[in-house]
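Colleague: Just so it is clear, I am handing over coords_1.txt, which has compact mmCIF, C-alpha atoms.
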```
# COMPACT_ATOMS: atom_id res chain seq x y z
CA MET G 1 -1.24 54.93 80.53
CA THR G 2 1.40 52.22 79.98
CA SER G 3 4.89 52.36 81.47
CA LYS G 4 6.25 53.15 77.98
CA HIS G 5 3.96 56.19 77.75
CA TRP G 6 5.19 57.27 81.17
CA VAL G 7 8.88 56.89 80.19
CA VAL G 8 8.38 58.76 76.90
CA ALA G 9 6.52 61.59 78.68
CA ALA G 10 9.34 61.81 81.26
CA LEU G 11 11.98 61.92 78.49
CA LEU G 12 10.10 64.68 76.68
CA ARG G 13 10.07 66.74 79.90
CA LEU G 14 13.86 67.11 79.51
CA TYR G 15 13.32 69.29 76.43
CA PRO G 16 12.44 73.02 76.64
CA ALA G 17 8.67 73.73 76.57
CA ALA G 18 8.87 75.67 73.28
CA TRP G 19 10.73 72.78 71.62
CA ARG G 20 8.20 70.26 72.97
CA SER G 21 5.26 72.16 71.51
CA GLU G 22 6.99 72.25 68.08
CA TYR G 23 8.54 68.78 67.80
CA GLY G 24 7.16 66.86 70.80
CA PRO G 25 4.32 64.99 69.02
CA GLU G 26 6.67 63.79 66.24
CA LEU G 27 9.36 62.57 68.64
CA THR G 28 6.68 60.90 70.79
CA ASP G 29 5.33 59.02 67.73
CA ILE G 30 8.83 57.78 66.82
CA LEU G 31 9.60 56.68 70.39
CA MET G 32 6.25 54.88 70.70
CA SER G 33 6.73 53.06 67.39
CA ARG G 34 10.05 51.38 68.31
CA PRO G 35 11.56 49.52 71.26
CA LEU G 36 12.93 51.81 73.95
CA SER G 37 16.46 50.45 74.29
CA ALA G 38 19.04 51.91 76.69
CA ARG G 39 20.82 53.45 73.68
CA VAL G 40 17.66 55.22 72.50
CA ILE G 41 16.87 56.47 76.02
CA ALA G 42 20.45 57.75 76.48
CA ASP G 43 20.32 59.48 73.06
CA VAL G 44 17.01 61.22 73.82
CA MET G 45 18.16 62.21 77.33
CA TRP G 46 21.49 63.60 76.14
CA ASN G 47 19.90 65.63 73.34
CA GLY G 48 17.14 66.87 75.65
CA LEU G 49 19.67 68.14 78.16
CA LYS G 50 21.68 69.73 75.33
CA GLN G 51 18.57 71.53 74.02
CA SER G 52 17.66 72.69 77.53
CA ALA G 53 21.18 73.99 78.18
CA GLN G 54 21.10 75.91 74.88
CA ALA G 55 17.70 77.41 75.71
CA ALA G 56 18.52 78.18 79.37
CA GLU G 57 19.28 81.72 80.48
CA PRO G 58 22.95 82.43 81.39
CA SER G 59 21.76 83.36 84.90
CA THR G 60 20.21 79.88 85.31
CA ILE G 61 23.35 78.06 84.09
CA LEU G 62 25.79 80.14 86.20
CA GLY G 63 23.37 80.17 89.16
CA LEU G 64 23.18 76.37 89.13
CA ALA G 65 26.98 76.13 88.75
CA SER G 66 27.37 78.40 91.81
CA LEU G 67 24.74 76.38 93.69
CA LEU G 68 26.77 73.23 92.98
CA ALA G 69 29.92 75.00 94.19
CA VAL G 70 28.15 75.94 97.45
CA LEU G 71 26.90 72.35 97.89
CA THR G 72 30.39 70.97 97.18
CA PHE G 73 31.70 73.37 99.83
CA VAL G 74 29.17 72.01 102.33
CA VAL G 75 29.79 68.33 101.47
CA THR G 76 33.58 68.35 101.26
CA GLY G 77 34.59 71.15 103.60
CA GLY G 78 36.11 69.34 106.61
CA SER G 79 34.13 68.54 109.78
CA TYR G 80 30.41 69.25 109.82
CA GLY G 81 30.64 72.39 111.95
CA ARG G 82 33.50 73.82 109.90
CA ARG G 83 31.52 73.62 106.67
CA TRP G 84 29.15 76.37 107.69
CA ILE G 85 31.96 78.49 109.11
CA LEU G 86 33.65 78.26 105.68
CA LEU G 87 30.44 79.40 103.96
CA VAL G 88 29.31 82.12 106.37
CA GLU G 89 31.18 84.37 108.78
CA PRO G 90 29.97 86.85 111.41
CA THR G 91 30.45 90.55 110.68
CA THR G 92 30.93 93.52 112.98
CA LYS G 93 28.22 95.46 111.13
CA THR G 94 24.66 96.07 112.35
CA LEU G 95 23.34 94.61 109.11
CA PRO G 96 24.07 92.04 107.80
CA THR G 97 25.32 90.25 110.91
CA VAL G 98 26.37 87.28 108.78
CA ASN G 99 28.41 87.44 105.59
CA VAL G 100 28.29 84.80 102.83
CA THR G 101 32.00 84.15 102.20
CA PHE G 102 31.63 82.61 98.74
CA MET G 103 29.33 85.36 97.46
CA SER G 104 31.69 88.07 98.71
CA SER G 105 34.72 86.64 96.91
CA GLY G 106 36.39 88.04 93.84
CA TYR G 107 35.69 84.82 91.94
CA TYR G 108 31.96 85.27 92.45
CA ALA G 109 32.18 88.88 91.27
CA LEU G 110 33.87 87.58 88.08
CA LEU G 111 31.04 85.07 87.62
CA LEU G 112 28.50 87.90 87.98
CA ILE G 113 30.37 89.98 85.39
CA ALA G 114 30.40 86.93 83.06
CA CYS G 115 26.65 86.45 83.66
CA GLY G 116 25.89 90.10 82.81
CA CYS G 117 28.14 90.01 79.74
CA TRP G 118 26.66 86.74 78.45
CA THR G 119 23.08 87.98 79.06
CA TYR G 120 23.80 91.15 77.09
CA LEU G 121 25.41 89.24 74.20
CA ARG G 122 22.44 86.85 74.02
CA HIS G 123 19.58 89.36 74.24
CA ARG G 124 21.28 92.66 73.26
CA GLY G 125 19.18 94.23 76.02
CA THR G 126 20.14 96.85 78.61
CA ALA G 127 22.62 96.96 81.50
CA LYS G 128 19.53 96.88 83.78
CA GLN G 129 18.48 93.55 82.24
CA SER G 130 22.03 92.20 82.82
CA GLY G 131 21.84 93.44 86.42
CA MET G 132 18.57 91.59 86.98
CA ALA G 133 20.19 88.44 85.55
CA GLY G 134 22.88 88.79 88.26
CA VAL G 135 20.20 89.05 90.94
CA ARG G 136 18.53 85.92 89.58
CA MET G 137 21.88 84.07 89.52
CA SER G 138 22.54 84.99 93.17
CA LEU G 139 19.07 83.90 94.25
CA ILE G 140 19.64 80.48 92.62
CA ALA G 141 23.14 80.17 94.13
CA ALA G 142 21.77 81.07 97.57
CA ILE G 143 19.14 78.31 97.67
CA PRO G 144 21.25 75.93 99.87
CA LEU G 145 22.07 78.74 102.33
CA MET G 146 18.47 79.93 102.56
CA PHE G 147 17.35 76.33 102.95
CA GLY G 148 19.94 75.95 105.74
CA GLY G 149 18.65 79.12 107.44
CA LEU G 150 15.03 77.89 107.21
CA SER G 151 16.05 74.46 108.58
CA MET G 152 17.66 76.19 111.56
CA MET G 153 14.55 78.33 112.12
CA PHE G 154 12.34 75.24 112.23
CA GLY G 155 14.81 73.38 114.43
CA LEU G 156 15.76 70.74 111.83
CA ILE G 157 19.44 71.56 112.30
CA GLY G 158 20.94 73.28 115.34
CA PRO G 159 22.42 76.79 115.15
CA SER G 160 25.43 75.43 117.07
CA LEU G 161 26.62 74.05 113.71
CA LEU G 162 27.57 77.59 112.76
CA GLY G 163 30.22 77.67 115.48
CA PRO G 164 30.59 79.32 118.89
CA GLN G 165 31.02 82.83 117.45
CA PHE G 166 27.41 82.88 116.19
CA GLU G 167 24.43 83.79 118.38
CA PRO G 168 21.51 81.33 118.65
CA SER G 169 19.32 83.75 116.65
CA ALA G 170 21.71 83.50 113.69
CA SER G 171 19.21 81.42 111.65
CA TRP G 172 17.42 84.63 110.58
CA ALA G 173 20.76 86.14 109.68
CA VAL G 174 21.76 83.09 107.60
CA LEU G 175 18.41 83.21 105.81
CA ALA G 176 18.73 86.93 105.07
CA ALA G 177 22.50 87.07 104.40
CA PRO G 178 22.30 86.19 100.67
CA LEU G 179 19.63 88.88 100.20
CA PHE G 180 22.12 91.52 101.35
CA ARG G 181 24.39 90.45 98.46
CA LEU G 182 21.73 91.22 95.83
CA PRO G 183 22.58 94.94 95.29
CA ASP G 184 26.24 93.94 94.75
CA SER G 185 25.12 91.19 92.38
CA TRP G 186 23.08 93.71 90.38
CA LEU G 187 26.02 96.10 90.12
CA TRP G 188 28.60 93.48 89.03
CA ALA G 189 26.25 91.96 86.46
CA ALA G 190 25.28 95.40 85.13
CA LEU G 191 29.01 96.08 84.74
CA GLY G 192 29.19 92.78 82.81
CA GLY G 193 26.34 94.07 80.62
CA VAL G 194 28.35 97.24 79.84
CA LEU G 195 31.36 95.02 79.02
CA GLY G 196 29.14 92.91 76.73
CA LYS G 197 28.06 96.09 74.96
CA ARG G 198 31.72 97.02 74.41
CA ILE G 199 32.47 93.52 73.05
CA ALA G 200 29.46 93.60 70.72
CA ARG G 201 30.18 97.09 69.36
CA PRO G 202 33.16 96.25 67.07
CA HIS G 203 31.02 93.59 65.34
CA CYS G 204 28.24 96.13 64.76
CA ASP G 205 30.75 98.69 63.42
CA ALA G 206 32.25 96.08 61.06
CA GLY G 207 28.80 95.41 59.58
CA ALA G 208 27.91 99.09 59.16
CA ILE G 209 27.78 100.58 55.66
CA ARG G 210 30.52 103.13 55.32
CA PRO G 211 30.15 106.15 53.01
CA MET L 1 33.16 43.60 56.34
CA ALA L 2 33.09 47.38 55.85
CA ARG L 3 33.41 49.47 58.98
CA LYS L 4 30.50 51.80 59.73
CA PRO L 5 31.42 55.47 59.15
CA ARG L 6 30.53 56.67 62.66
CA THR L 7 32.64 59.82 62.59
CA GLY L 8 33.70 62.36 59.99
CA PRO L 9 31.68 64.30 57.43
CA ALA L 10 29.95 61.16 56.05
CA ALA L 11 28.29 60.59 59.45
CA ASP L 12 27.30 64.21 60.16
CA PRO L 13 23.56 64.05 61.02
CA GLU L 14 22.76 67.39 59.34
CA LEU L 15 24.44 66.37 56.07
CA LEU L 16 22.76 62.95 56.15
CA ILE L 17 19.32 64.52 56.63
CA LEU L 18 19.91 66.95 53.76
CA ALA L 19 21.05 64.04 51.55
CA SER L 20 17.96 62.04 52.54
CA LEU L 21 15.60 64.91 51.73
CA ALA L 22 17.26 65.44 48.33
CA SER L 23 14.98 62.69 46.99
CA GLY L 24 11.83 64.48 48.18
CA PRO L 25 9.90 65.45 51.32
CA ASN L 26 9.83 62.91 54.15
CA HIS L 27 8.91 62.69 57.83
CA GLY L 28 11.23 61.96 60.76
CA TYR L 29 10.84 58.19 60.97
CA ALA L 30 11.27 57.71 57.19
CA ILE L 31 14.36 59.97 57.19
CA MET L 32 15.89 57.85 59.97
CA ALA L 33 15.17 54.58 58.08
CA ASP L 34 16.47 56.04 54.79
CA ILE L 35 19.75 57.17 56.40
CA GLU L 36 20.23 53.71 57.87
CA THR L 37 19.75 52.21 54.40
CA PHE L 38 21.96 54.49 52.29
CA ALA L 39 24.66 55.49 54.83
CA ASP L 40 24.62 52.55 57.24
CA VAL L 41 24.37 55.08 60.09
CA ARG L 42 21.74 54.57 62.78
CA LEU L 43 20.73 57.99 64.11
CA GLY L 44 19.06 58.07 67.50
CA PRO L 45 15.66 59.84 67.60
CA GLY L 46 17.10 62.56 69.87
CA THR L 47 20.04 63.20 67.54
CA LEU L 48 17.70 63.21 64.52
CA TYR L 49 15.36 65.84 65.97
CA THR L 50 18.21 68.00 67.33
CA ALA L 51 19.68 68.07 63.81
CA ILE L 52 16.23 68.75 62.27
CA THR L 53 15.76 71.67 64.70
CA ARG L 54 19.13 73.18 63.67
CA LEU L 55 18.39 72.72 59.96
CA VAL L 56 14.96 74.39 60.31
CA GLU L 57 16.57 77.29 62.21
CA LYS L 58 19.17 77.66 59.43
CA LYS L 59 16.29 77.55 56.89
CA LEU L 60 17.95 74.64 55.06
CA ILE L 61 14.82 72.49 55.47
CA ALA L 62 11.20 73.45 56.15
CA PRO L 63 8.27 71.56 57.67
CA GLN L 64 5.23 71.03 55.48
CA ALA L 65 1.62 71.20 56.64
CA SER L 66 0.21 67.79 57.53
CA ALA L 67 -3.00 66.39 58.97
CA GLY L 68 -1.17 63.75 61.01
CA ARG L 69 1.24 64.07 63.92
CA GLN L 70 4.25 63.32 61.68
CA ARG L 71 5.10 66.42 59.61
CA PRO L 72 7.09 65.91 56.41
CA TYR L 73 10.17 68.10 55.90
CA ARG L 74 11.38 69.37 52.54
CA LEU L 75 14.72 70.66 51.35
CA THR L 76 14.72 74.43 50.69
CA ALA L 77 16.59 76.02 47.77
CA GLN L 78 19.23 77.20 50.26
CA GLY L 79 19.44 73.68 51.69
CA ALA L 80 19.91 72.14 48.24
CA ALA L 81 22.69 74.64 47.44
CA THR L 82 24.43 73.94 50.78
CA LEU L 83 24.19 70.18 50.25
CA ALA L 84 25.59 70.43 46.71
CA GLU L 85 28.48 72.57 47.96
CA HIS L 86 29.34 70.13 50.79
CA LEU L 87 29.14 67.10 48.49
CA LYS L 88 31.37 68.74 45.87
CA ASP L 89 33.93 69.51 48.59
CA MET L 90 33.78 65.93 49.84
CA ARG L 91 34.10 64.54 46.31
CA ARG L 92 37.15 66.71 45.62
CA VAL L 93 38.87 65.65 48.87
CA ALA L 94 37.90 61.99 48.35
CA ALA L 95 39.20 62.02 44.75
CA VAL L 96 42.56 63.50 45.80
CA GLY L 97 42.89 61.15 48.76
CA LEU L 98 42.03 58.03 46.73
CA ARG L 99 44.36 59.05 43.91
CA ARG L 100 47.23 59.50 46.35
CA LEU L 101 46.54 56.13 47.93
CA GLU L 102 46.92 54.35 44.59
CA PRO L 103 50.31 52.64 44.17
CA ALA L 104 52.60 54.62 41.84
```
Let's see the structure in the file written out as structure tokens.

Modeller:
Amino acid sequence: MTSKHWVVAALLRLYPAAWRSEYGPELTDILMSRPLSARVIADVMWNGLKQSAQAAEPSTILGLASLLAVLTFVVTGGSYGRRWILLVEPTTKTLPTVNVTFMSSGYYALLLIACGCWTYLRHRGTAKQSGMAGVRMSLIAAIPLMFGGLSMMFGLIGPSLLGPQFEPSASWAVLAAPLFRLPDSWLWAALGGVLGKRIARPHCDAGAIRP
Amino acid sequence: MARKPRTGPAADPELLILASLASGPNHGYAIMADIETFADVRLGPGTLYTAITRLVEKKLIAPQASAGRQRPYRLTAQGAATLAEHLKDMRRVAAVGLRRLEPA
């Protein structure tokens, strides 16, 4: 396999699988029959990302956007120790002992409603399906936190980073904290699904044959 | 030297593909070469296939069966009607614009 074959195969991986099976061989032939300039590579990359974004589920897009927000929080949020304090806070409850600040905010609830609404409008499914999309979005958004919790469990980063108000066993709590947000995520996204149904209804009524 | 029409309706990839297929079925590479010849617009392969995907979804063009890896695409009746409508609109606007540009 030449380096050109490798580059073309890598470029094709940017497209959704269904698109690749339909148009992949044709695009591969065209790319192999001409020089791979920077302009051609940029064009294929840009269109591949566009196709993938169009084919992606709303929960994936909003989950990744939330994941980026969490990462930005970690990278830009003051001193190293403060970053985690901004993301998680101890609670007075028995369970969960740690609360994910970002996922408990009103902004995140709005994102979950948007996710549920968008999922309904795309698939015209049920509120339950919208709720599951919210759960998926939260699981994607929680990846950095769960990764942080796992890193603490395996001693890659010290639990002292969380701040003095956290107990040394807080790594389990950090790992599990996003999971405690999943029922809320389901409810907000299901509410978004109901909202989507309300938005879609006037269009259906307009298209109905009146006596 | 004439400036390449990179923006506007005359450079719209979907319209250019429909115009190219008006002369008969063709495969991706030939469509790209034809557009470069008649419109002086060089479509990237990614842009070409994104536009082809949209046109197939809108049922304005359809792929034909082929033994090779390169499938030819043909203009559908709906595609021909859409192309004719767009071109008539463009001709009307161009005629008015050119007439108004003429010195009185």

Colleague: Around the point (33.7, 59.1, 51.4) in the file's coordinates, collect all residues with an atom within 9 Å, using only C-alpha atoms, and return them as an mmCIF file with C-alpha atoms, keeping the file's coordinate frame.

Modeller:
```cif
data_model
loop_
_atom_site.group_PDB
_atom_site.id
_atom_site.type_symbol
_atom_site.label_atom_id
_atom_site.label_comp_id
_atom_site.auth_asym_id
_atom_site.auth_seq_id
_atom_site.Cartn_x
_atom_site.Cartn_y
_atom_site.Cartn_z
ATOM 1 C CA PRO L 5 31.420 55.470 59.150
ATOM 2 C CA PRO L 9 31.680 64.300 57.430
ATOM 3 C CA ALA L 10 29.950 61.160 56.050
ATOM 4 C CA MET L 90 33.780 65.930 49.840
ATOM 5 C CA ARG L 91 34.100 64.540 46.310
ATOM 6 C CA VAL L 93 38.870 65.650 48.870
ATOM 7 C CA ALA L 94 37.900 61.990 48.350
#
```

Colleague: Do you have the CA of Ala53 (chain G)-CA of Pro16 (chain G) distance handy?

Modeller: 8.9 Å

Colleague: For the interface of chain L with chain G (cut-off 10 Å, counting all atoms listed in the file), please tabulate each contacting residue of chain L alongside its nearest pair of atoms and their separation in Å to one decimal, rows sorted by chain and increasing number, as JSON lines.

Modeller:
```
{"residue": "L:His27", "atom": "CA", "partner": "G:Glu26", "partner_atom": "CA", "distance": 8.8}
{"residue": "L:Gly28", "atom": "CA", "partner": "G:Glu26", "partner_atom": "CA", "distance": 7.4}
{"residue": "L:Tyr29", "atom": "CA", "partner": "G:Ile30", "partner_atom": "CA", "distance": 6.2}
{"residue": "L:Ala30", "atom": "CA", "partner": "G:Ile30", "partner_atom": "CA", "distance": 9.9}
{"residue": "L:Met32", "atom": "CA", "partner": "G:Ile30", "partner_atom": "CA", "distance": 9.8}
{"residue": "L:Leu43", "atom": "CA", "partner": "G:Asp43", "partner_atom": "CA", "distance": 9.1}
{"residue": "L:Gly44", "atom": "CA", "partner": "G:Asp43", "partner_atom": "CA", "distance": 5.9}
{"residue": "L:Pro45", "atom": "CA", "partner": "G:Val44", "partner_atom": "CA", "distance": 6.5}
{"residue": "L:Gly46", "atom": "CA", "partner": "G:Val44", "partner_atom": "CA", "distance": 4.2}
{"residue": "L:Thr47", "atom": "CA", "partner": "G:Asn47", "partner_atom": "CA", "distance": 6.3}
{"residue": "L:Leu48", "atom": "CA", "partner": "G:Leu27", "partner_atom": "CA", "distance": 9.3}
{"residue": "L:Tyr49", "atom": "CA", "partner": "G:Leu27", "partner_atom": "CA", "distance": 7.3}
{"residue": "L:Thr50", "atom": "CA", "partner": "G:Asn47", "partner_atom": "CA", "distance": 6.7}
{"residue": "L:Ala51", "atom": "CA", "partner": "G:Asn47", "partner_atom": "CA", "distance": 9.8}
{"residue": "L:Ile52", "atom": "CA", "partner": "G:Tyr23", "partner_atom": "CA", "distance": 9.5}
{"residue": "L:Thr53", "atom": "CA", "partner": "G:Tyr23", "partner_atom": "CA", "distance": 8.4}
{"residue": "L:Gly68", "atom": "CA", "partner": "G:Glu26", "partner_atom": "CA", "distance": 9.4}
{"residue": "L:Arg69", "atom": "CA", "partner": "G:Glu26", "partner_atom": "CA", "distance": 5.9}
{"residue": "L:Gln70", "atom": "CA", "partner": "G:Glu26", "partner_atom": "CA", "distance": 5.2}
{"residue": "L:Arg71", "atom": "CA", "partner": "G:Glu26", "partner_atom": "CA", "distance": 7.3}
```

Colleague: Give me, as a list in words, all polymer residues having an atom no more than 10 Å from Leu95 (chain G), counting only C-alpha atoms and skipping those fewer than 4 positions away in the same chain.

Modeller: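 Surrounding residues, per the criterion: Thr91, Asn99, Ala173, Ala176, Ala177 and Phe180 of chain G.
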
Colleague: What's around Ala11 (chain L) at 12 Å? Count all atoms listed in the file, leave out sequence neighbours fewer than 2 positions away in its own chain, and write the answer as a list in words.

Modeller: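 Surrounding residues, per the criterion: Lys4, Pro5, Arg6, Thr7, Gly8, Pro9, Pro13, Glu14, Leu15, Leu16, Ile17, Leu18, Ala19, Ile35, Glu36, Phe38, Ala39, Asp40, Val41, Arg42, Leu43 and Thr47 of chain L.
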
Colleague: For region 34-45 of chain L, which lacks atoms in the input, supply all heavy atoms and format the output as a short mmCIF file (atom, residue, chain, number, x, y, z; two decimals), in the frame of the given file.

Modeller:
```
data_model
loop_
_atom_site.label_atom_id
_atom_site.label_comp_id
_atom_site.auth_asym_id
_atom_site.auth_seq_id
_atom_site.Cartn_x
_atom_site.Cartn_y
_atom_site.Cartn_z
N ASP L 34 15.75 55.81 56.05
CA ASP L 34 16.47 56.04 54.79
C ASP L 34 17.97 56.18 55.04
O ASP L 34 18.79 55.58 54.33
CB ASP L 34 15.90 57.31 54.12
CG ASP L 34 16.52 57.58 52.77
OD1 ASP L 34 16.72 56.60 52.01
OD2 ASP L 34 16.82 58.76 52.46
N ILE L 35 18.33 56.95 56.07
CA ILE L 35 19.75 57.17 56.40
C ILE L 35 20.42 55.84 56.77
O ILE L 35 21.55 55.56 56.36
CB ILE L 35 19.89 58.21 57.54
CG1 ILE L 35 19.55 59.61 57.01
CG2 ILE L 35 21.29 58.20 58.15
CD1 ILE L 35 19.43 60.68 58.06
N GLU L 36 19.68 55.02 57.49
CA GLU L 36 20.23 53.71 57.87
C GLU L 36 20.49 52.85 56.64
O GLU L 36 21.48 52.13 56.56
CB GLU L 36 19.27 53.01 58.83
CG GLU L 36 19.94 51.91 59.60
CD GLU L 36 19.09 51.37 60.73
OE1 GLU L 36 18.10 52.02 61.11
OE2 GLU L 36 19.40 50.26 61.20
N THR L 37 19.61 53.01 55.63
CA THR L 37 19.75 52.21 54.40
C THR L 37 20.92 52.70 53.54
O THR L 37 21.76 51.92 53.12
CB THR L 37 18.44 52.28 53.57
OG1 THR L 37 17.37 51.95 54.43
CG2 THR L 37 18.47 51.34 52.38
N PHE L 38 20.96 54.03 53.26
CA PHE L 38 21.96 54.49 52.29
C PHE L 38 23.33 54.80 52.90
O PHE L 38 24.34 54.77 52.21
CB PHE L 38 21.44 55.67 51.45
CG PHE L 38 21.47 57.03 52.11
CD1 PHE L 38 22.65 57.77 52.19
CD2 PHE L 38 20.32 57.61 52.62
CE1 PHE L 38 22.67 59.03 52.78
CE2 PHE L 38 20.33 58.86 53.20
CZ PHE L 38 21.52 59.56 53.29
N ALA L 39 23.36 55.12 54.23
CA ALA L 39 24.66 55.49 54.83
C ALA L 39 25.13 54.48 55.86
O ALA L 39 26.26 54.60 56.35
CB ALA L 39 24.55 56.86 55.47
N ASP L 40 24.28 53.54 56.22
CA ASP L 40 24.62 52.55 57.24
C ASP L 40 24.91 53.23 58.58
O ASP L 40 25.77 52.80 59.34
CB ASP L 40 25.83 51.70 56.78
CG ASP L 40 25.85 50.35 57.48
OD1 ASP L 40 24.82 50.00 58.07
OD2 ASP L 40 26.89 49.68 57.43
N VAL L 41 24.21 54.34 58.83
CA VAL L 41 24.37 55.08 60.09
C VAL L 41 23.01 55.07 60.79
O VAL L 41 22.01 55.47 60.20
CB VAL L 41 24.83 56.53 59.84
CG1 VAL L 41 24.80 57.35 61.13
CG2 VAL L 41 26.23 56.55 59.25
N ARG L 42 23.00 54.61 62.03
CA ARG L 42 21.74 54.57 62.78
C ARG L 42 21.68 55.79 63.69
O ARG L 42 22.35 55.84 64.71
CB ARG L 42 21.67 53.28 63.60
CG ARG L 42 20.29 53.02 64.16
CD ARG L 42 20.23 51.76 64.96
NE ARG L 42 20.44 50.57 64.15
CZ ARG L 42 20.52 49.35 64.66
NH1 ARG L 42 20.45 49.19 65.97
NH2 ARG L 42 20.70 48.31 63.87
N LEU L 43 20.88 56.78 63.28
CA LEU L 43 20.73 57.99 64.11
C LEU L 43 19.73 57.72 65.21
O LEU L 43 18.67 57.14 64.96
CB LEU L 43 20.22 59.16 63.27
CG LEU L 43 21.14 59.81 62.23
CD1 LEU L 43 20.42 61.01 61.61
CD2 LEU L 43 22.44 60.26 62.84
N GLY L 44 20.03 58.17 66.41
CA GLY L 44 19.06 58.07 67.50
C GLY L 44 17.97 59.11 67.29
O GLY L 44 18.22 60.13 66.64
N PRO L 45 16.75 58.87 67.81
CA PRO L 45 15.66 59.84 67.60
C PRO L 45 15.99 61.23 68.16
O PRO L 45 15.62 62.25 67.57
CB PRO L 45 14.48 59.24 68.36
CG PRO L 45 14.83 57.82 68.63
CD PRO L 45 16.32 57.72 68.61
#
```
